[in-house]
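Visitor: Here it is: the structure, laid out below.
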Amino acid sequence: MKQSQVAVEFLMTYGWAMLGVLMVVAAIVYFGVIDASSFVPERCDLGYRLGCKDYLLSRSDNSLSLNIVNNFNNDIMITRIDLNSTKFSPACISTYGGSSNGENILIGQVKSFRVDCVVGSQLASIKDNKKNNYDVTIWYYLNGTTSAYTYPLYGELYARISS
């Protein structure tokens with residue numbers, strides 16, 4: 001038997017064995033025996049202009065609490081924060097300061113915001129204890145301008161809802 005034939009047989013034998021192991025692992029994850037989301041850390045990403053210092057999704061009072069830090073080069077006014085998910089509809093929306101003003105955040109300042117889900121009980125309808133993906137939209141304008149120059153900033157929250 002030639003050495004090349006031995007090498008090919010070795011690779012084929014262990015290749016099939018590895019493929020079988022991968023198929024078993026894929027089946028275990030697919031059927032939910034192991035929750036793949038438990039290996040991925042929770043995160044809050046609002047981009048580089050606004051930092052997310054801390055967050056809490058609460059099932060008991062249907063709300064999202066966010067601690068946001070201003071990384072802009074200017075002070076900003078936040079007028080609205082929206083929380084969306086494919087798990088519930090309509091969105092959770094909180095408006096700050098009415099239609100003409102907003103909540104002022106100075107450069108480098110950390111400020112707490114609360115987004116209430118007042119229409120129905122959207123967060124309470126999510127029964128599983130798994131981590132879910134939520135879209136966060138923050139509407140802001142720079143101090144020194146008017147609310148006519150309000151822009152959206154899109155972020156993402158990947159977290160578990162606390163009871």
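By order in the structure tokens, chains are A, B, ...; within a chain, residues start at 1; ligands start at 1, following the order shown.
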Could you give me, as a list of chain:residue names, the residues within 6 Å of stretch 53-66 of chain A, counting only C-alpha atoms and dropping anything in the same chain fewer than 2 positions from it?

Guide: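 Contacts, with the query itself left out: A:Ile68, A:Ser112, A:Phe113, A:Arg114, A:Val115, A:Asp116, A:Cys117, A:Leu123, A:Ala124, A:Ile161, A:Ser162, A:Ser163.
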
Visitor: Those selected residues, please, written with N, CA and C atoms and delivered as a PDB file, in the first residue's frame.

Guide:
ATOM      1  N   ILE A  68     -27.757  56.525  29.524  1.00  0.00           N
ATOM      2  CA  ILE A  68     -27.093  56.926  28.277  1.00  0.00           C
ATOM      3  C   ILE A  68     -26.039  57.972  28.582  1.00  0.00           C
ATOM      4  N   SER A 112     -30.372  59.002  32.929  1.00  0.00           N
ATOM      5  CA  SER A 112     -31.275  57.850  32.925  1.00  0.00           C
ATOM      6  C   SER A 112     -32.563  58.184  32.182  1.00  0.00           C
ATOM      7  N   PHE A 113     -33.015  57.219  31.377  1.00  0.00           N
ATOM      8  CA  PHE A 113     -34.271  57.353  30.639  1.00  0.00           C
ATOM      9  C   PHE A 113     -35.093  56.097  30.875  1.00  0.00           C
ATOM     10  N   ARG A 114     -36.399  56.259  30.814  1.00  0.00           N
ATOM     11  CA  ARG A 114     -37.322  55.140  30.983  1.00  0.00           C
ATOM     12  C   ARG A 114     -38.277  55.119  29.801  1.00  0.00           C
ATOM     13  N   VAL A 115     -38.390  53.959  29.169  1.00  0.00           N
ATOM     14  CA  VAL A 115     -39.309  53.762  28.047  1.00  0.00           C
ATOM     15  C   VAL A 115     -40.430  52.862  28.553  1.00  0.00           C
ATOM     16  N   ASP A 116     -41.642  53.400  28.594  1.00  0.00           N
ATOM     17  CA  ASP A 116     -42.795  52.643  29.066  1.00  0.00           C
ATOM     18  C   ASP A 116     -43.533  52.023  27.899  1.00  0.00           C
ATOM     19  N   CYS A 117     -43.929  50.790  28.062  1.00  0.00           N
ATOM     20  CA  CYS A 117     -44.762  50.104  27.077  1.00  0.00           C
ATOM     21  C   CYS A 117     -46.193  50.189  27.582  1.00  0.00           C
ATOM     22  N   LEU A 123     -44.120  43.548  26.784  1.00  0.00           N
ATOM     23  CA  LEU A 123     -43.017  42.811  27.394  1.00  0.00           C
ATOM     24  C   LEU A 123     -43.526  41.639  28.215  1.00  0.00           C
ATOM     25  N   ALA A 124     -44.710  41.790  28.804  1.00  0.00           N
ATOM     26  CA  ALA A 124     -45.274  40.691  29.588  1.00  0.00           C
ATOM     27  C   ALA A 124     -45.706  39.532  28.699  1.00  0.00           C
ATOM     28  N   ILE A 161     -35.340  39.589  29.577  1.00  0.00           N
ATOM     29  CA  ILE A 161     -36.266  40.399  30.374  1.00  0.00           C
ATOM     30  C   ILE A 161     -36.253  39.887  31.811  1.00  0.00           C
ATOM     31  N   SER A 162     -36.063  40.820  32.744  1.00  0.00           N
ATOM     32  CA  SER A 162     -36.096  40.434  34.154  1.00  0.00           C
ATOM     33  C   SER A 162     -37.540  40.459  34.652  1.00  0.00           C
ATOM     34  N   SER A 163     -37.843  39.606  35.596  1.00  0.00           N
ATOM     35  CA  SER A 163     -39.207  39.523  36.118  1.00  0.00           C
ATOM     36  C   SER A 163     -39.487  40.585  37.138  1.00  0.00           C
TER      37      SER A 163
END

Visitor: Give me the residues near stretch 144-155 of chain A as number ranges by chain, where near means some atom within 7 Å (using only C-alpha atoms) and where sequence neighbours in that chain fewer than 2 positions away do not count.

Guide: A: 45-47, 100, 135-142, 157

Visitor: Each residue of stretch 35-116 of chain A lying at most 12 Å from stretch 19-29 of chain A should get a row with its shortest atom-to-atom pair and the distance in Å to one decimal, counting only C-alpha atoms; could you produce that, ordered by chain and increasing number, as a Markdown table?

Guide:
| residue | atom | partner | partner_atom | distance |
| --- | --- | --- | --- | --- |
| A:Asp35 | CA | A:Val29 | CA | 6.6 |
| A:Ala36 | CA | A:Val29 | CA | 6.6 |
| A:Ser37 | CA | A:Val29 | CA | 10.1 |
| A:Ser38 | CA | A:Val29 | CA | 11.4 |
| A:Phe39 | CA | A:Val29 | CA | 11.8 |

Visitor: Next, dump the selected residues to file, keeping only C-alpha atoms, as a PDB file, in the first residue's frame.

Guide:
ATOM      1  CA  ASP A  35     -29.898  27.201  24.116  1.00  0.00           C
ATOM      2  CA  ALA A  36     -27.279  28.841  21.893  1.00  0.00           C
ATOM      3  CA  SER A  37     -28.221  32.325  23.139  1.00  0.00           C
ATOM      4  CA  SER A  38     -26.952  31.442  26.612  1.00  0.00           C
ATOM      5  CA  PHE A  39     -23.397  31.500  25.238  1.00  0.00           C
TER       6      PHE A  39
END

Visitor: Just give me the gap between atom CA of A:Asn143 and atom CA of A:Asn71 in Å, one decimal is fine.

Guide: 13.9 Å

Visitor: For A:Phe72, list every protein, DNA or RNA residue within 10 Å, evaluated using only C-alpha atoms, and leave out those in the same chain fewer than 4 positions away; present the list as a ChimeraX atom specification.

Guide: /A:48-51,76,105-108,142

Visitor: Export, as a PDB file, in the first residue's frame, the selected residues with N, CA and C atoms.

Guide:
ATOM      1  N   TYR A  48     -21.290  54.889  18.419  1.00  0.00           N
ATOM      2  CA  TYR A  48     -20.193  55.564  19.101  1.00  0.00           C
ATOM      3  C   TYR A  48     -20.582  56.940  19.638  1.00  0.00           C
ATOM      4  N   ARG A  49     -21.703  57.500  19.172  1.00  0.00           N
ATOM      5  CA  ARG A  49     -22.096  58.848  19.618  1.00  0.00           C
ATOM      6  C   ARG A  49     -22.818  58.840  20.957  1.00  0.00           C
ATOM      7  N   LEU A  50     -23.559  57.798  21.220  1.00  0.00           N
ATOM      8  CA  LEU A  50     -24.220  57.646  22.515  1.00  0.00           C
ATOM      9  C   LEU A  50     -23.785  56.309  23.097  1.00  0.00           C
ATOM     10  N   GLY A  51     -23.368  56.336  24.337  1.00  0.00           N
ATOM     11  CA  GLY A  51     -22.967  55.105  24.988  1.00  0.00           C
ATOM     12  C   GLY A  51     -24.076  54.601  25.893  1.00  0.00           C
ATOM     13  N   ILE A  76     -26.816  67.647  23.619  1.00  0.00           N
ATOM     14  CA  ILE A  76     -27.934  67.230  22.775  1.00  0.00           C
ATOM     15  C   ILE A  76     -29.225  67.234  23.586  1.00  0.00           C
ATOM     16  N   ILE A 105     -28.825  66.550  27.568  1.00  0.00           N
ATOM     17  CA  ILE A 105     -27.669  65.771  28.028  1.00  0.00           C
ATOM     18  C   ILE A 105     -26.423  66.548  27.647  1.00  0.00           C
ATOM     19  N   LEU A 106     -25.626  66.909  28.646  1.00  0.00           N
ATOM     20  CA  LEU A 106     -24.379  67.632  28.402  1.00  0.00           C
ATOM     21  C   LEU A 106     -23.317  66.670  27.883  1.00  0.00           C
ATOM     22  N   ILE A 107     -22.238  67.228  27.344  1.00  0.00           N
ATOM     23  CA  ILE A 107     -21.142  66.407  26.823  1.00  0.00           C
ATOM     24  C   ILE A 107     -20.573  65.558  27.959  1.00  0.00           C
ATOM     25  N   GLY A 108     -20.497  64.246  27.753  1.00  0.00           N
ATOM     26  CA  GLY A 108     -19.939  63.331  28.743  1.00  0.00           C
ATOM     27  C   GLY A 108     -20.864  62.994  29.892  1.00  0.00           C
ATOM     28  N   LEU A 142     -29.265  68.649  18.229  1.00  0.00           N
ATOM     29  CA  LEU A 142     -28.168  69.327  18.907  1.00  0.00           C
ATOM     30  C   LEU A 142     -28.674  70.596  19.581  1.00  0.00           C
TER      31      LEU A 142
END

Visitor: Considering only C-alpha atoms, can you say which of A:Trp16, A:Tyr96, A:Phe31, A:Asp75 comes closest to A:Gln109?

Guide: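 Closest to A:Gln109 of all the choices is A:Asp75.
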
Visitor: With only C-alpha atoms as the counted atoms, please give the residues lying no more than 7 Å from A:Val110, apart from itself and same-chain residues fewer than 3 positions off, as a list in words.

Guide: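 That gives Asn67, Ile68, Val69 and Asn70 of chain A.
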
Visitor: Give me the residues near A:Glu42 as a PDB file with C-alpha atoms, in the first residue's frame, where near means some atom within 8 Å (using only C-alpha atoms) and where sequence neighbours in that chain fewer than 4 positions away do not count.

Guide:
ATOM      1  CA  LYS A 131     -32.375  36.609  25.295  1.00  0.00           C
ATOM      2  CA  LEU A 157     -30.312  45.755  22.636  1.00  0.00           C
ATOM      3  CA  TYR A 158     -29.783  42.026  23.082  1.00  0.00           C
ATOM      4  CA  ALA A 159     -30.992  41.076  26.544  1.00  0.00           C
ATOM      5  CA  ARG A 160     -33.166  38.921  28.735  1.00  0.00           C
TER       6      ARG A 160
END

Visitor: Among stretch 1-98 of chain A, which residues does DSSP mark as helix (DSSP H, G or I) when it is run on the backbone? Keep the chain and numbering as in the structure and answer as a PDB file with C-alpha atoms, in the first residue's frame.

Guide:
ATOM      1  CA  GLN A   3       1.787   6.186   1.568  1.00  0.00           C
ATOM      2  CA  SER A   4      -0.538   8.527  -0.338  1.00  0.00           C
ATOM      3  CA  GLN A   5      -3.354   5.965  -0.217  1.00  0.00           C
ATOM      4  CA  VAL A   6      -2.888   5.578   3.566  1.00  0.00           C
ATOM      5  CA  ALA A   7      -3.063   9.350   4.011  1.00  0.00           C
ATOM      6  CA  VAL A   8      -6.245   9.645   1.930  1.00  0.00           C
ATOM      7  CA  GLU A   9      -7.925   6.803   3.840  1.00  0.00           C
ATOM      8  CA  PHE A  10      -6.938   8.436   7.147  1.00  0.00           C
ATOM      9  CA  LEU A  11      -8.411  11.801   6.087  1.00  0.00           C
ATOM     10  CA  MET A  12     -11.619  10.207   4.785  1.00  0.00           C
ATOM     11  CA  THR A  13     -12.196   8.139   7.937  1.00  0.00           C
ATOM     12  CA  TYR A  14     -11.676  11.032  10.355  1.00  0.00           C
ATOM     13  CA  GLY A  15     -13.461  13.451   8.023  1.00  0.00           C
ATOM     14  CA  TRP A  16     -16.645  11.357   8.176  1.00  0.00           C
ATOM     15  CA  ALA A  17     -16.306  11.065  11.948  1.00  0.00           C
ATOM     16  CA  MET A  18     -15.991  14.853  12.319  1.00  0.00           C
ATOM     17  CA  LEU A  19     -18.981  15.415  10.031  1.00  0.00           C
ATOM     18  CA  GLY A  20     -21.040  13.053  12.179  1.00  0.00           C
ATOM     19  CA  VAL A  21     -20.089  14.897  15.380  1.00  0.00           C
ATOM     20  CA  LEU A  22     -20.970  18.259  13.801  1.00  0.00           C
ATOM     21  CA  MET A  23     -24.362  16.925  12.695  1.00  0.00           C
ATOM     22  CA  VAL A  24     -25.147  15.690  16.230  1.00  0.00           C
ATOM     23  CA  VAL A  25     -24.203  19.078  17.744  1.00  0.00           C
ATOM     24  CA  ALA A  26     -26.295  20.908  15.110  1.00  0.00           C
ATOM     25  CA  ALA A  27     -29.305  18.675  15.865  1.00  0.00           C
ATOM     26  CA  ILE A  28     -28.972  19.303  19.621  1.00  0.00           C
ATOM     27  CA  VAL A  29     -28.929  23.089  19.087  1.00  0.00           C
ATOM     28  CA  TYR A  30     -31.717  22.987  16.482  1.00  0.00           C
ATOM     29  CA  ALA A  36     -27.279  28.841  21.893  1.00  0.00           C
ATOM     30  CA  SER A  37     -28.221  32.325  23.139  1.00  0.00           C
ATOM     31  CA  SER A  38     -26.952  31.442  26.612  1.00  0.00           C
ATOM     32  CA  PHE A  39     -23.397  31.500  25.238  1.00  0.00           C
TER      33      PHE A  39
END

Visitor: So which residues of chain A fall under strand (DSSP E) by DSSP, listed as a ChimeraX atom specification?

Guide: /A:43-45,50-58,63-70,76-84,92-95,103-105,110-116,132-142,151-159
